[in-house]
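In what follows, a single structure is set out as structure tokens and then discussed.
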2 protein chains.
Amino acid sequence: MTANRVVRLARRPVGTIKPEDFEIGDEPVPEPGPGEFRVRLEYLSLDPAMRGWINAGRSYIRPVEIGEVMRGYAAGHVEVSDHPDYKVGDAVAGLFGAQTHAVSDGRGEIMKVDTALAPLPRWIGGLGMPGRTAYFGLLEVGQVKAGETVVVSAASGAVGAIVGQLALIHGARAVGIAGGPDKCTYLVDELGFDAAVDYKAGDLAAQLDAACPDGIDVYYENVGGEILDAVLPRMNRFGRIPVCGLISSYNATEPPPGPRNFRSVLVNRLKIQGLIVFDFAERYAEATSRLAEWHAAGKLKIREDVRDGGLDAFVDTLNLLFTGGNFGKLVLRL
Amino acid sequence: MTANRVVRLARRPVGTIKPEDFEIGDEPVPEPGPGEFRVRLEYLSLDPAMRGWINAGRSYIRPVEIGEVMRGYAAGHVEVSDHPDYKVGDAVAGLFGAQTHAVSDGRGEIMKVDTALAPLPRWIGGLGMPGRTAYFGLLEVGQVKAGETVVVSAASGAVGAIVGQLALIHGARAVGIAGGPDKCTYLVDELGFDAAVDYKAGDLAAQLDAACPDGIDVYYENVGGEILDAVLPRMNRFGRIPVCGLISSYNATEPPPGPRNFRSVLVNRLKIQGLIVFDFAERYAEATSRLAEWHAAGKLKIREDVRDGGLDAFVDTLNLLFTGGNFGKLVLRL
């Protein structure tokens, strides 16, 4: 008899997530009620945002409660359905949670996807939430224009790789910050970035100066900390900084130091603006269809880093995000 | 024979400005050429921005050079004129520099003012550059809406006092941060602020909580440092932070620490935006006329702190701004 393997939050983590922070076990496979369907999930998306979702306290979304199924984007196929729009065999992606089987009424962050256009895990990656985050962050918050210089941190990651390519598509110069020569080579040689900066190679300031001879117009922030410190004095007048993530501090147990060189905000009239993709929910379809078009046209290359081990590897795999251990969109095969 | 008393920059200050950083002396009174006029200046505006203008390096405006007349807003009356629009006896205000006599062709930041509407020093204060800075910062950058809570630092100062009253005029709740009970009482009893927070009285966090039971929607930043640290976690979703000044760090010789609690930018989707009033030059007339209307209607009370001593007191008087020693718009009588 098949069971539903489920990851539930056991306690609130302090600092880096530990295996004991979650309880992973077998539960009865849920039965869909009237108007519902059940999905057999095959891939779980591992995202930096997950670290924030399990903290207590006010945030942009209610925290996952102790005992609750861990929130997460996942993709799979419908295996039972009483829902008129979802047929058995349909490929679906959405906020199904960290489990192998989920029941849904189709409402919320759930959509049917076309695996002829792109393989299943890509719909929770570059064509899913991370892709939409890049899209709205660069185009709406960042207001990128042709001829400008765009710098993005965590540039080989799920969001960053899309940001840089969207910059190129819109006629801007794309500079990626990533860790290590392999990722930097990938950005330039595979994705077509104009330059890459290796934050592990030291002298970030000189590397940025070399990569951005005309300064920086848009800095798409995924990381925070020292990278932001180095970018701020290099911003051009009226530059924009969409703040999509601050992963360097997600495991901090004390509030981290703030961005140095903050005076650049005043002198250069910068706009720093926080970005949560949920605020753009009404325009998800637009973003997904445009991303899929560029992807089909070969202008948007997407790389997944699919890990095995199933949900039992949830914690160890998730923690790769915080050490830069992944290369491409991190996905767990269930 | 009358002389032109002139303040010239003698060297680049390090940290707090010292008397030796300027050379103050008598020079021949300049003669206006064809199409020019000469003003006998009576009041010099002392503004925090002056500290930035004498630093070397790229900023929003070219630095005052060594040997150059110190940049500054001043007001006086035309005493000689070959300019068709400026008659002898006209009251004028603008960027005439730190001197007693100035020649102008009427171009640049110079305007005729009406001393029947407001006394001369007010046209370099609440109805001048500081007033316009408050106007564009709160209304354009801050996008204040009725029912919101506006917090402003340096609230009894030239810009802050206008910001709070503009908030009230637009139906918002106004909370001012100032130093000491006299200034705080003035904000509430004289200007009608809803609450005041005394940053010298300690426990800024608890004071802010008490003054802002519904959180903060707009924080108009004049100060930076610990005040910004305390405000950030209290910002409401989609809050705006116009950054008009960061006076707490203007005399710093090392880059100051950045704003702590920066994560609030992401979680609450804040917009932090630098503001230099020069960017709104095309709309100065609009701002001045609306400010003058509200002033005439009694909705905008303006307090000057006019100091004697003439230009020889320039450095000591200017430094009052950095210790909170002034109470109201600081002006030097020439």
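Labels used: A, B, ... for chains in the order of the structure tokens, numbers from 1 for residues in each chain, and numbers from 1 for ligands as shown.
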_Near chain B, meaning an atom within 9 Å, which residues of chain A appear when counting only C-alpha atoms? Write them as a VMD selection string._
chain A and resid 58 to 61 229 237 to 238 242 to 246 249 255 to 276
*What residues in range 44-284 of chain B get the DSSP label strand (DSSP E or B)? Please answer as a PyMOL selection string.*
chain B and resi 44-45+69+74-81+91-94+99+101-104+110-112+149-152+173-178+195-198+216-221+235-243+258+271-274
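Here CA of Arg8 in chain A stands at a distance of 8.3 Å from CA of Gly25 in chain A.
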*Could you tell me which of B:Ile66, B:Ala102, B:Leu334, B:Val7 comes closest to Val29 in chain B if we count only C-alpha atoms?*
B:Ala102
_Exercise: Pro28 in chain B partners within 8 Å, only C-alpha atoms, chain neighbours under 2 positions left out, as an MDAnalysis selection string_ = chainID B and resid 3:4 26 30
